[in-house]
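One file, work38.txt, carrying compact mmCIF, N, CA and C atoms and all ligand atoms:
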```
# COMPACT_ATOMS: atom_id res chain seq x y z
N MET U 73 106.02 109.37 100.21
CA MET U 73 105.94 108.31 99.21
C MET U 73 107.21 108.28 98.36
N GLU U 74 107.68 107.06 98.13
CA GLU U 74 108.91 106.87 97.36
C GLU U 74 108.50 106.53 95.92
N ARG U 75 109.03 107.29 94.99
CA ARG U 75 108.72 106.97 93.59
C ARG U 75 109.23 105.57 93.27
N ASN U 76 108.49 104.87 92.45
CA ASN U 76 108.89 103.53 92.00
C ASN U 76 108.87 102.48 93.10
N CYS U 77 108.22 102.77 94.22
CA CYS U 77 108.08 101.73 95.26
C CYS U 77 106.69 101.10 95.14
N LEU U 78 106.68 99.79 94.92
CA LEU U 78 105.43 99.06 94.73
C LEU U 78 104.48 99.24 95.91
N PHE U 79 104.99 99.12 97.12
CA PHE U 79 104.09 99.18 98.28
C PHE U 79 103.64 100.61 98.57
N CYS U 80 104.47 101.61 98.26
CA CYS U 80 103.99 103.00 98.36
C CYS U 80 102.81 103.20 97.40
N LYS U 81 102.88 102.58 96.23
CA LYS U 81 101.79 102.72 95.26
C LYS U 81 100.53 102.01 95.75
N ILE U 82 100.68 100.91 96.47
CA ILE U 82 99.51 100.25 97.06
C ILE U 82 98.91 101.14 98.14
N VAL U 83 99.76 101.74 98.98
CA VAL U 83 99.26 102.66 100.02
C VAL U 83 98.50 103.81 99.38
N ALA U 84 99.02 104.31 98.25
CA ALA U 84 98.40 105.45 97.57
C ALA U 84 97.17 105.06 96.74
N GLY U 85 96.90 103.76 96.61
CA GLY U 85 95.76 103.32 95.81
C GLY U 85 96.04 103.30 94.32
N GLU U 86 97.31 103.44 93.95
CA GLU U 86 97.66 103.46 92.52
C GLU U 86 97.79 102.06 91.94
N ILE U 87 98.04 101.08 92.81
CA ILE U 87 98.08 99.67 92.41
C ILE U 87 97.07 98.95 93.30
N PRO U 88 96.20 98.13 92.71
CA PRO U 88 95.16 97.49 93.52
C PRO U 88 95.72 96.41 94.44
N ALA U 89 95.11 96.28 95.60
CA ALA U 89 95.45 95.20 96.53
C ALA U 89 94.21 94.96 97.37
N LYS U 90 94.12 93.75 97.91
CA LYS U 90 92.98 93.42 98.79
C LYS U 90 93.38 93.81 100.21
N ILE U 91 93.02 95.03 100.58
CA ILE U 91 93.35 95.53 101.93
C ILE U 91 92.33 94.97 102.91
N VAL U 92 92.82 94.27 103.93
CA VAL U 92 91.92 93.62 104.88
C VAL U 92 91.79 94.39 106.18
N ALA U 93 92.72 95.25 106.49
CA ALA U 93 92.64 96.03 107.72
C ALA U 93 93.62 97.20 107.61
N SER U 94 93.34 98.24 108.37
CA SER U 94 94.26 99.37 108.39
C SER U 94 94.07 100.15 109.67
N ASN U 95 95.06 100.93 110.01
CA ASN U 95 94.92 101.93 111.05
C ASN U 95 95.61 103.20 110.54
N GLU U 96 95.84 104.13 111.43
CA GLU U 96 96.33 105.43 110.98
C GLU U 96 97.68 105.32 110.25
N LEU U 97 98.52 104.38 110.69
CA LEU U 97 99.90 104.35 110.21
C LEU U 97 100.30 103.08 109.46
N ALA U 98 99.39 102.10 109.40
CA ALA U 98 99.76 100.81 108.79
C ALA U 98 98.57 100.20 108.05
N ILE U 99 98.88 99.35 107.07
CA ILE U 99 97.82 98.60 106.38
C ILE U 99 98.23 97.13 106.27
N ALA U 100 97.22 96.28 106.16
CA ALA U 100 97.43 94.84 105.95
C ALA U 100 96.67 94.44 104.69
N PHE U 101 97.36 93.75 103.78
CA PHE U 101 96.72 93.33 102.53
C PHE U 101 97.19 91.94 102.15
N ASN U 102 96.41 91.28 101.31
CA ASN U 102 96.75 89.91 100.89
C ASN U 102 97.99 89.90 100.02
N ASP U 103 98.90 88.96 100.33
CA ASP U 103 100.06 88.75 99.45
C ASP U 103 99.56 88.18 98.12
N ILE U 104 100.13 88.66 97.04
CA ILE U 104 99.68 88.25 95.70
C ILE U 104 100.05 86.80 95.40
N SER U 105 101.00 86.29 96.13
CA SER U 105 101.50 84.93 95.89
C SER U 105 101.60 84.18 97.22
N PRO U 106 100.44 83.81 97.78
CA PRO U 106 100.42 83.31 99.16
C PRO U 106 101.13 81.96 99.32
N VAL U 107 101.79 81.81 100.47
CA VAL U 107 102.46 80.55 100.81
C VAL U 107 101.80 79.87 102.00
N ALA U 108 100.65 80.37 102.41
CA ALA U 108 99.87 79.77 103.50
C ALA U 108 98.41 80.18 103.28
N PRO U 109 97.47 79.46 103.88
CA PRO U 109 96.06 79.82 103.70
C PRO U 109 95.78 81.29 104.05
N THR U 110 96.42 81.77 105.11
CA THR U 110 96.40 83.21 105.39
C THR U 110 97.81 83.74 105.18
N HIS U 111 97.98 84.67 104.27
CA HIS U 111 99.28 85.30 104.02
C HIS U 111 99.03 86.76 103.72
N LEU U 112 99.21 87.56 104.75
CA LEU U 112 99.04 89.00 104.62
C LEU U 112 100.38 89.69 104.71
N LEU U 113 100.47 90.83 104.10
CA LEU U 113 101.62 91.71 104.29
C LEU U 113 101.15 92.88 105.15
N VAL U 114 101.89 93.14 106.20
CA VAL U 114 101.54 94.23 107.11
C VAL U 114 102.66 95.27 106.99
N ILE U 115 102.30 96.46 106.57
CA ILE U 115 103.32 97.46 106.21
C ILE U 115 103.02 98.83 106.83
N PRO U 116 104.07 99.60 107.08
CA PRO U 116 103.84 101.00 107.46
C PRO U 116 103.39 101.78 106.23
N LYS U 117 102.52 102.75 106.43
CA LYS U 117 102.13 103.59 105.29
C LYS U 117 103.31 104.42 104.80
N ALA U 118 104.18 104.80 105.71
CA ALA U 118 105.37 105.58 105.33
C ALA U 118 106.45 104.63 104.81
N HIS U 119 107.29 105.17 103.96
CA HIS U 119 108.31 104.34 103.31
C HIS U 119 109.58 104.23 104.17
N TYR U 120 109.92 103.00 104.53
CA TYR U 120 111.22 102.67 105.13
C TYR U 120 111.70 101.41 104.43
N GLU U 121 112.98 101.34 104.18
CA GLU U 121 113.49 100.27 103.32
C GLU U 121 113.35 98.89 103.95
N ASN U 122 113.53 98.82 105.24
CA ASN U 122 113.46 97.52 105.92
C ASN U 122 113.07 97.73 107.37
N VAL U 123 112.90 96.63 108.10
CA VAL U 123 112.37 96.75 109.46
C VAL U 123 113.38 97.43 110.39
N SER U 124 114.66 97.33 110.09
CA SER U 124 115.66 98.01 110.93
C SER U 124 115.52 99.52 110.81
N GLU U 125 115.39 99.99 109.57
CA GLU U 125 115.22 101.43 109.35
C GLU U 125 113.91 101.92 109.97
N LEU U 126 112.86 101.11 109.82
CA LEU U 126 111.57 101.47 110.42
C LEU U 126 111.71 101.61 111.94
N THR U 127 112.37 100.66 112.56
CA THR U 127 112.53 100.67 114.01
C THR U 127 113.31 101.91 114.46
N ARG U 128 114.38 102.21 113.72
CA ARG U 128 115.23 103.34 114.06
C ARG U 128 114.51 104.68 113.88
N GLU U 129 113.74 104.77 112.80
CA GLU U 129 113.23 106.08 112.40
C GLU U 129 111.81 106.39 112.89
N ASP U 130 111.02 105.35 113.14
CA ASP U 130 109.58 105.61 113.31
C ASP U 130 108.94 104.54 114.19
N GLY U 131 109.22 104.65 115.49
CA GLY U 131 108.66 103.67 116.44
C GLY U 131 107.14 103.65 116.42
N ALA U 132 106.51 104.80 116.17
CA ALA U 132 105.04 104.84 116.16
C ALA U 132 104.48 103.97 115.03
N SER U 133 105.12 104.02 113.85
CA SER U 133 104.64 103.19 112.75
C SER U 133 104.92 101.71 113.01
N LEU U 134 106.05 101.42 113.65
CA LEU U 134 106.35 100.02 114.00
C LEU U 134 105.29 99.49 114.96
N LEU U 135 104.95 100.27 115.96
CA LEU U 135 103.94 99.84 116.92
C LEU U 135 102.58 99.67 116.23
N ALA U 136 102.27 100.58 115.32
CA ALA U 136 101.00 100.49 114.59
C ALA U 136 100.96 99.21 113.75
N LEU U 137 102.09 98.88 113.13
CA LEU U 137 102.18 97.66 112.30
C LEU U 137 101.95 96.42 113.18
N LEU U 138 102.64 96.37 114.32
CA LEU U 138 102.52 95.20 115.19
C LEU U 138 101.12 95.11 115.80
N SER U 139 100.55 96.24 116.14
CA SER U 139 99.19 96.25 116.69
C SER U 139 98.19 95.72 115.66
N LEU U 140 98.36 96.17 114.42
CA LEU U 140 97.45 95.73 113.35
C LEU U 140 97.58 94.23 113.12
N ALA U 141 98.82 93.73 113.10
CA ALA U 141 99.02 92.28 112.93
C ALA U 141 98.33 91.52 114.06
N GLY U 142 98.49 91.99 115.27
CA GLY U 142 97.86 91.33 116.42
C GLY U 142 96.34 91.34 116.33
N GLU U 143 95.78 92.43 115.86
CA GLU U 143 94.32 92.52 115.71
C GLU U 143 93.83 91.57 114.63
N VAL U 144 94.51 91.57 113.50
CA VAL U 144 94.07 90.74 112.37
C VAL U 144 94.15 89.26 112.73
N ALA U 145 95.18 88.90 113.50
CA ALA U 145 95.42 87.49 113.81
C ALA U 145 94.84 87.09 115.16
N ALA U 146 94.04 87.93 115.76
CA ALA U 146 93.53 87.65 117.10
C ALA U 146 92.87 86.27 117.14
N GLY U 147 93.28 85.46 118.10
CA GLY U 147 92.61 84.18 118.33
C GLY U 147 93.17 83.02 117.53
N VAL U 148 94.12 83.26 116.64
CA VAL U 148 94.72 82.15 115.89
C VAL U 148 96.24 82.16 116.08
N ASP U 149 96.86 80.98 115.92
CA ASP U 149 98.31 80.91 115.94
C ASP U 149 98.84 81.49 114.62
N PHE U 150 99.89 82.25 114.71
CA PHE U 150 100.41 82.86 113.49
C PHE U 150 101.91 83.04 113.58
N ARG U 151 102.51 83.27 112.43
CA ARG U 151 103.94 83.61 112.36
C ARG U 151 104.07 84.95 111.65
N LEU U 152 104.92 85.80 112.21
CA LEU U 152 105.17 87.12 111.60
C LEU U 152 106.66 87.17 111.25
N VAL U 153 106.93 87.32 109.95
CA VAL U 153 108.31 87.22 109.45
C VAL U 153 108.69 88.51 108.71
N PHE U 154 109.84 89.03 109.07
CA PHE U 154 110.41 90.17 108.33
C PHE U 154 111.68 89.70 107.64
N ASN U 155 111.66 89.66 106.33
CA ASN U 155 112.91 89.46 105.59
C ASN U 155 113.59 90.82 105.50
N SER U 156 114.82 90.90 105.95
CA SER U 156 115.54 92.17 105.92
C SER U 156 116.86 91.98 105.20
N GLY U 157 116.87 92.37 103.92
CA GLY U 157 118.06 92.21 103.10
C GLY U 157 117.86 91.17 102.02
N ALA U 158 118.44 91.45 100.86
CA ALA U 158 118.30 90.55 99.72
C ALA U 158 118.85 89.16 100.03
N GLY U 159 119.84 89.10 100.91
CA GLY U 159 120.47 87.82 101.23
C GLY U 159 119.55 86.83 101.91
N VAL U 160 118.47 87.33 102.54
CA VAL U 160 117.52 86.42 103.17
C VAL U 160 116.17 86.44 102.45
N GLY U 161 116.15 87.03 101.25
CA GLY U 161 114.95 86.92 100.42
C GLY U 161 114.11 88.17 100.30
N GLN U 162 114.54 89.30 100.89
CA GLN U 162 113.73 90.51 100.70
C GLN U 162 113.78 90.93 99.24
N SER U 163 112.60 91.13 98.65
CA SER U 163 112.54 91.51 97.25
C SER U 163 111.83 92.85 97.05
N VAL U 164 111.05 93.28 98.03
CA VAL U 164 110.41 94.59 97.97
C VAL U 164 110.98 95.41 99.12
N PHE U 165 111.60 96.53 98.79
CA PHE U 165 112.35 97.28 99.80
C PHE U 165 111.53 98.41 100.39
N HIS U 166 110.35 98.03 100.85
CA HIS U 166 109.47 98.84 101.71
C HIS U 166 109.14 97.89 102.85
N ALA U 167 109.53 98.26 104.07
CA ALA U 167 109.42 97.34 105.21
C ALA U 167 108.06 96.65 105.25
N HIS U 168 108.06 95.35 105.48
CA HIS U 168 106.80 94.61 105.58
C HIS U 168 107.00 93.34 106.38
N GLY U 169 105.97 93.01 107.16
CA GLY U 169 105.95 91.73 107.84
C GLY U 169 105.02 90.79 107.09
N HIS U 170 105.45 89.54 106.95
CA HIS U 170 104.57 88.50 106.39
C HIS U 170 103.81 87.89 107.56
N LEU U 171 102.50 88.01 107.55
CA LEU U 171 101.66 87.41 108.59
C LEU U 171 101.09 86.11 108.02
N LEU U 172 101.56 85.00 108.57
CA LEU U 172 101.24 83.67 108.03
C LEU U 172 100.45 82.87 109.05
N ALA U 173 99.42 82.17 108.57
CA ALA U 173 98.61 81.35 109.47
C ALA U 173 97.83 80.33 108.64
N GLY U 174 97.29 79.34 109.34
CA GLY U 174 96.38 78.41 108.69
C GLY U 174 96.98 77.10 108.27
N ARG U 175 98.25 76.86 108.59
CA ARG U 175 98.85 75.55 108.34
C ARG U 175 99.98 75.35 109.35
N ASP U 176 100.58 74.16 109.35
CA ASP U 176 101.73 73.91 110.21
C ASP U 176 102.97 74.58 109.62
N PHE U 177 103.88 75.01 110.48
CA PHE U 177 105.13 75.63 110.04
C PHE U 177 106.30 74.92 110.70
N ALA U 178 107.33 74.69 109.91
CA ALA U 178 108.53 74.05 110.45
C ALA U 178 109.36 75.05 111.25
N TRP U 179 110.11 74.53 112.20
CA TRP U 179 111.08 75.34 112.92
C TRP U 179 112.35 74.54 113.08
N PRO U 180 113.53 75.05 112.76
CA PRO U 180 113.77 76.41 112.26
C PRO U 180 113.26 76.58 110.84
N PRO U 181 112.96 77.84 110.45
CA PRO U 181 112.48 78.08 109.10
C PRO U 181 113.59 77.84 108.09
N GLY U 182 113.21 77.54 106.87
CA GLY U 182 114.20 77.30 105.82
C GLY U 182 114.76 78.56 105.24
P1 LIG Z 201 109.81 89.83 100.38
O1 LIG Z 201 110.35 88.79 99.41
O2 LIG Z 201 109.97 89.47 101.83
O3 LIG Z 201 110.35 91.21 100.04
O4 LIG Z 201 108.24 89.85 100.16
C1 LIG Z 201 107.63 90.53 99.11
C2 LIG Z 201 106.26 89.95 98.96
O5 LIG Z 201 105.49 90.85 98.19
C3 LIG Z 201 106.21 88.60 98.25
O6 LIG Z 201 105.65 87.62 99.13
C4 LIG Z 201 105.33 88.87 97.03
O7 LIG Z 201 104.48 87.78 96.72
C5 LIG Z 201 104.56 90.09 97.46
N1 LIG Z 201 104.05 90.93 96.39
C6 LIG Z 201 104.73 91.35 95.29
N2 LIG Z 201 103.94 92.14 94.53
C7 LIG Z 201 102.74 92.23 95.17
C8 LIG Z 201 101.52 92.90 94.89
N3 LIG Z 201 101.34 93.67 93.79
N4 LIG Z 201 100.49 92.76 95.77
C9 LIG Z 201 100.64 91.99 96.86
N5 LIG Z 201 101.78 91.34 97.20
C10 LIG Z 201 102.81 91.45 96.36
ZN ZN Z 202 107.58 102.42 99.76
```
What would the structure in this file look like if it were written as structure tokens?
Amino acid sequence: MERNCLFCKIVAGEIPAKIVASNELAIAFNDISPVAPTHLLVIPKAHYENVSELTREDGASLLALLSLAGEVAAGVDFRLVFNSGAGVGQSVFHAHGHLLAGRDFAWPPG
């Protein structure tokens, strides 16, 4: 656990969140400021700054994250987005995928 990391505190139960699914290495919870009817954040329980670091350091947690997203979204069309770096909008530096569903989405994304 990383001190002062918001999502580490959610994993630890120190900050409340609506957790909708979990497995051994990952959890999925509702985004506090949803941009789609379904907007979940799917995160590794362990702290990695972004998806690149997660991929490099902990393939098992990456697979757990993707498996959980697939389970939660089973049967519906969805988009899974990783912002990696402040330049593309990452604001919480604990790797997370945005799992979005329930409306139409433009392509390419803005
Ligand atoms: P990003 O900008 O890609 O780093 O995404 C961070 C996301 O975390 C944003 O969509 C925020 O709405 C969301 N967020 C921030 N604080 C919380 C919180 N306490 N519980 C749930 N989601 C949060
Ligand atoms: Zn963290």
TODO: Mind giving me the straight-line distance from CA of Phe150 (chain U) to CA of Cys77 (chain U) in Å, one decimal?
DONE: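 Computed distance, CA of Phe150 (chain U) to CA of Cys77 (chain U), equals 27.3 Å.
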Please build the interface table for chain U against ligand LIG 201 (chain Z) with a cut-off of 5 Å, listing for each qualifying residue the nearest atom pair and the distance in Å to one decimal; count all atoms listed in the file, order rows by chain and increasing number, and write it as a tab-separated table.
```
residue	atom	partner	partner_atom	distance
U:Asn102	C	Z:LIG201	C9	4.6
U:Asp103	CA	Z:LIG201	N5	3.8
U:Ile104	N	Z:LIG201	N5	3.2
U:Ser105	N	Z:LIG201	O7	3.8
U:Asn155	CA	Z:LIG201	O2	4.8
U:Gly161	C	Z:LIG201	O1	3.9
U:Gln162	CA	Z:LIG201	O3	3.5
U:Ser163	N	Z:LIG201	O3	2.6
U:Val164	N	Z:LIG201	O3	3.0
```
Open item on the list: Please return, as a PyMOL selection string, all residues of chain U that DSSP assigns to strand (DSSP E) on the basis of the backbone.
Closed with: chain U and resi 91-94+98-102+110-116+151-153+169-173
N, CA and C atoms of the current selection, written as a PDB file, in the frame of the given file:
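The new file result-v4.pdb reads:
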```pdb
ATOM      1  N   ILE U  91      93.020  95.030 100.580  1.00  0.00           N
ATOM      2  CA  ILE U  91      93.350  95.530 101.930  1.00  0.00           C
ATOM      3  C   ILE U  91      92.330  94.970 102.910  1.00  0.00           C
ATOM      4  N   VAL U  92      92.820  94.270 103.930  1.00  0.00           N
ATOM      5  CA  VAL U  92      91.920  93.620 104.880  1.00  0.00           C
ATOM      6  C   VAL U  92      91.790  94.390 106.180  1.00  0.00           C
ATOM      7  N   ALA U  93      92.720  95.250 106.490  1.00  0.00           N
ATOM      8  CA  ALA U  93      92.640  96.030 107.720  1.00  0.00           C
ATOM      9  C   ALA U  93      93.620  97.200 107.610  1.00  0.00           C
ATOM     10  N   SER U  94      93.340  98.240 108.370  1.00  0.00           N
ATOM     11  CA  SER U  94      94.260  99.370 108.390  1.00  0.00           C
ATOM     12  C   SER U  94      94.070 100.150 109.670  1.00  0.00           C
ATOM     13  N   ALA U  98      99.390 102.100 109.400  1.00  0.00           N
ATOM     14  CA  ALA U  98      99.760 100.810 108.790  1.00  0.00           C
ATOM     15  C   ALA U  98      98.570 100.200 108.050  1.00  0.00           C
ATOM     16  N   ILE U  99      98.880  99.350 107.070  1.00  0.00           N
ATOM     17  CA  ILE U  99      97.820  98.600 106.380  1.00  0.00           C
ATOM     18  C   ILE U  99      98.230  97.130 106.270  1.00  0.00           C
ATOM     19  N   ALA U 100      97.220  96.280 106.160  1.00  0.00           N
ATOM     20  CA  ALA U 100      97.430  94.840 105.950  1.00  0.00           C
ATOM     21  C   ALA U 100      96.670  94.440 104.690  1.00  0.00           C
ATOM     22  N   PHE U 101      97.360  93.750 103.780  1.00  0.00           N
ATOM     23  CA  PHE U 101      96.720  93.330 102.530  1.00  0.00           C
ATOM     24  C   PHE U 101      97.190  91.940 102.150  1.00  0.00           C
ATOM     25  N   ASN U 102      96.410  91.280 101.310  1.00  0.00           N
ATOM     26  CA  ASN U 102      96.750  89.910 100.890  1.00  0.00           C
ATOM     27  C   ASN U 102      97.990  89.900 100.020  1.00  0.00           C
ATOM     28  N   THR U 110      96.420  81.770 105.110  1.00  0.00           N
ATOM     29  CA  THR U 110      96.400  83.210 105.390  1.00  0.00           C
ATOM     30  C   THR U 110      97.810  83.740 105.180  1.00  0.00           C
ATOM     31  N   HIS U 111      97.980  84.670 104.270  1.00  0.00           N
ATOM     32  CA  HIS U 111      99.280  85.300 104.020  1.00  0.00           C
ATOM     33  C   HIS U 111      99.030  86.760 103.720  1.00  0.00           C
ATOM     34  N   LEU U 112      99.210  87.560 104.750  1.00  0.00           N
ATOM     35  CA  LEU U 112      99.040  89.000 104.620  1.00  0.00           C
ATOM     36  C   LEU U 112     100.380  89.690 104.710  1.00  0.00           C
ATOM     37  N   LEU U 113     100.470  90.830 104.100  1.00  0.00           N
ATOM     38  CA  LEU U 113     101.620  91.710 104.290  1.00  0.00           C
ATOM     39  C   LEU U 113     101.150  92.880 105.150  1.00  0.00           C
ATOM     40  N   VAL U 114     101.890  93.140 106.200  1.00  0.00           N
ATOM     41  CA  VAL U 114     101.540  94.230 107.110  1.00  0.00           C
ATOM     42  C   VAL U 114     102.660  95.270 106.990  1.00  0.00           C
ATOM     43  N   ILE U 115     102.300  96.460 106.570  1.00  0.00           N
ATOM     44  CA  ILE U 115     103.320  97.460 106.210  1.00  0.00           C
ATOM     45  C   ILE U 115     103.020  98.830 106.830  1.00  0.00           C
ATOM     46  N   PRO U 116     104.070  99.600 107.080  1.00  0.00           N
ATOM     47  CA  PRO U 116     103.840 101.000 107.460  1.00  0.00           C
ATOM     48  C   PRO U 116     103.390 101.780 106.230  1.00  0.00           C
ATOM     49  N   ARG U 151     102.510  83.270 112.430  1.00  0.00           N
ATOM     50  CA  ARG U 151     103.940  83.610 112.360  1.00  0.00           C
ATOM     51  C   ARG U 151     104.070  84.950 111.650  1.00  0.00           C
ATOM     52  N   LEU U 152     104.920  85.800 112.210  1.00  0.00           N
ATOM     53  CA  LEU U 152     105.170  87.120 111.600  1.00  0.00           C
ATOM     54  C   LEU U 152     106.660  87.170 111.250  1.00  0.00           C
ATOM     55  N   VAL U 153     106.930  87.320 109.950  1.00  0.00           N
ATOM     56  CA  VAL U 153     108.310  87.220 109.450  1.00  0.00           C
ATOM     57  C   VAL U 153     108.690  88.510 108.710  1.00  0.00           C
ATOM     58  N   GLY U 169     105.970  93.010 107.160  1.00  0.00           N
ATOM     59  CA  GLY U 169     105.950  91.730 107.840  1.00  0.00           C
ATOM     60  C   GLY U 169     105.020  90.790 107.090  1.00  0.00           C
ATOM     61  N   HIS U 170     105.450  89.540 106.950  1.00  0.00           N
ATOM     62  CA  HIS U 170     104.570  88.500 106.390  1.00  0.00           C
ATOM     63  C   HIS U 170     103.810  87.890 107.560  1.00  0.00           C
ATOM     64  N   LEU U 171     102.500  88.010 107.550  1.00  0.00           N
ATOM     65  CA  LEU U 171     101.660  87.410 108.590  1.00  0.00           C
ATOM     66  C   LEU U 171     101.090  86.110 108.020  1.00  0.00           C
ATOM     67  N   LEU U 172     101.560  85.000 108.570  1.00  0.00           N
ATOM     68  CA  LEU U 172     101.240  83.670 108.030  1.00  0.00           C
ATOM     69  C   LEU U 172     100.450  82.870 109.050  1.00  0.00           C
ATOM     70  N   ALA U 173      99.420  82.170 108.570  1.00  0.00           N
ATOM     71  CA  ALA U 173      98.610  81.350 109.470  1.00  0.00           C
ATOM     72  C   ALA U 173      97.830  80.330 108.640  1.00  0.00           C
TER      73      ALA U 173
END
```
Using only N, CA and C atoms and all ligand atoms, tabulate the residues of chain U lying at most 8 Å from any atom of ligand ZN 202 (chain Z), each with its closest atom pair and that distance in Å to one decimal, by chain and increasing residue number, as a tab-separated table.
```
residue	atom	partner	partner_atom	distance
U:Met73	C	Z:ZN202	ZN	6.0
U:Glu74	N	Z:ZN202	ZN	4.9
U:Arg75	N	Z:ZN202	ZN	7.0
U:Asn76	C	Z:ZN202	ZN	6.8
U:Cys77	CA	Z:ZN202	ZN	4.6
U:Leu78	N	Z:ZN202	ZN	5.6
U:Phe79	C	Z:ZN202	ZN	4.5
U:Cys80	N	Z:ZN202	ZN	3.5
U:Lys81	N	Z:ZN202	ZN	5.9
U:Ile82	N	Z:ZN202	ZN	7.8
U:Val83	N	Z:ZN202	ZN	7.9
U:Pro116	C	Z:ZN202	ZN	7.7
U:Lys117	C	Z:ZN202	ZN	6.9
U:Ala118	C	Z:ZN202	ZN	5.6
U:His119	CA	Z:ZN202	ZN	4.1
U:Tyr120	N	Z:ZN202	ZN	5.3
U:Glu121	N	Z:ZN202	ZN	7.1
U:Val164	C	Z:ZN202	ZN	7.8
U:Phe165	C	Z:ZN202	ZN	5.7
U:His166	CA	Z:ZN202	ZN	4.5
U:Ala167	N	Z:ZN202	ZN	6.3
```
Write the residues of the selection above to a file with N, CA and C atoms, as a tab-separated table (two decimals), keeping the file's coordinate frame.
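Result saved to selection18.tsv:
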```
chain	number	residue	atom	x	y	z
U	73	MET	N	106.02	109.37	100.21
U	73	MET	CA	105.94	108.31	99.21
U	73	MET	C	107.21	108.28	98.36
U	74	GLU	N	107.68	107.06	98.13
U	74	GLU	CA	108.91	106.87	97.36
U	74	GLU	C	108.50	106.53	95.92
U	75	ARG	N	109.03	107.29	94.99
U	75	ARG	CA	108.72	106.97	93.59
U	75	ARG	C	109.23	105.57	93.27
U	76	ASN	N	108.49	104.87	92.45
U	76	ASN	CA	108.89	103.53	92.00
U	76	ASN	C	108.87	102.48	93.10
U	77	CYS	N	108.22	102.77	94.22
U	77	CYS	CA	108.08	101.73	95.26
U	77	CYS	C	106.69	101.10	95.14
U	78	LEU	N	106.68	99.79	94.92
U	78	LEU	CA	105.43	99.06	94.73
U	78	LEU	C	104.48	99.24	95.91
U	79	PHE	N	104.99	99.12	97.12
U	79	PHE	CA	104.09	99.18	98.28
U	79	PHE	C	103.64	100.61	98.57
U	80	CYS	N	104.47	101.61	98.26
U	80	CYS	CA	103.99	103.00	98.36
U	80	CYS	C	102.81	103.20	97.40
U	81	LYS	N	102.88	102.58	96.23
U	81	LYS	CA	101.79	102.72	95.26
U	81	LYS	C	100.53	102.01	95.75
U	82	ILE	N	100.68	100.91	96.47
U	82	ILE	CA	99.51	100.25	97.06
U	82	ILE	C	98.91	101.14	98.14
U	83	VAL	N	99.76	101.74	98.98
U	83	VAL	CA	99.26	102.66	100.02
U	83	VAL	C	98.50	103.81	99.38
U	116	PRO	N	104.07	99.60	107.08
U	116	PRO	CA	103.84	101.00	107.46
U	116	PRO	C	103.39	101.78	106.23
U	117	LYS	N	102.52	102.75	106.43
U	117	LYS	CA	102.13	103.59	105.29
U	117	LYS	C	103.31	104.42	104.80
U	118	ALA	N	104.18	104.80	105.71
U	118	ALA	CA	105.37	105.58	105.33
U	118	ALA	C	106.45	104.63	104.81
U	119	HIS	N	107.29	105.17	103.96
U	119	HIS	CA	108.31	104.34	103.31
U	119	HIS	C	109.58	104.23	104.17
U	120	TYR	N	109.92	103.00	104.53
U	120	TYR	CA	111.22	102.67	105.13
U	120	TYR	C	111.70	101.41	104.43
U	121	GLU	N	112.98	101.34	104.18
U	121	GLU	CA	113.49	100.27	103.32
U	121	GLU	C	113.35	98.89	103.95
U	164	VAL	N	111.05	93.28	98.03
U	164	VAL	CA	110.41	94.59	97.97
U	164	VAL	C	110.98	95.41	99.12
U	165	PHE	N	111.60	96.53	98.79
U	165	PHE	CA	112.35	97.28	99.80
U	165	PHE	C	111.53	98.41	100.39
U	166	HIS	N	110.35	98.03	100.85
U	166	HIS	CA	109.47	98.84	101.71
U	166	HIS	C	109.14	97.89	102.85
U	167	ALA	N	109.53	98.26	104.07
U	167	ALA	CA	109.42	97.34	105.21
U	167	ALA	C	108.06	96.65	105.25
```
TODO: Check the DSSP output for the backbone and give back, as a PyMOL selection string, the residues of region 75-167 of chain U in helix (DSSP H, G or I).
DONE: chain U and resi 78-83+123-129+131-144+158-160
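One finds CA of Lys90 (chain U) at 19.2 Å from CA of Ser139 (chain U).
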Open item on the list: For region 91-99 of chain U, find every residue with an atom within 10 Å (counting only C-alpha atoms), except residues of its own chain fewer than 6 positions away, and show them as a list in words.
Closed with: Ile82, Val83, Leu112, Leu113, Val114, Ile115, Pro116, Lys117, Ala118, Ala132, Ser133, Leu134, Leu135, Ala136, Leu137, Leu138, Ser139, Leu140, Ala141, Glu143, Val144 and His168 of chain U
Open item on the list: Restricting the calculation to all atoms listed in the file: of U:Phe101, U:Ala146, U:Asp176, U:Glu129, which residue gets closest to Ala89 (chain U)?
Closed with: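 Counting all atoms listed in the file, the residue closest to Ala89 (chain U) is U:Phe101.
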Open item on the list: What's the separation between CA of His111 (chain U) and CA of Gly157 (chain U), in Å to one decimal place?
Closed with: 20.0 Å
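Closest to His170 (chain U) among U:Leu152, U:Ala158, U:Ala84, U:Val123 is U:Leu152, based on all atoms listed in the file.
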Task: 8 Å contact set for Pro109 (chain U), only N, CA and C atoms, chain neighbours under 6 positions out, as a count of residues only - done: 4
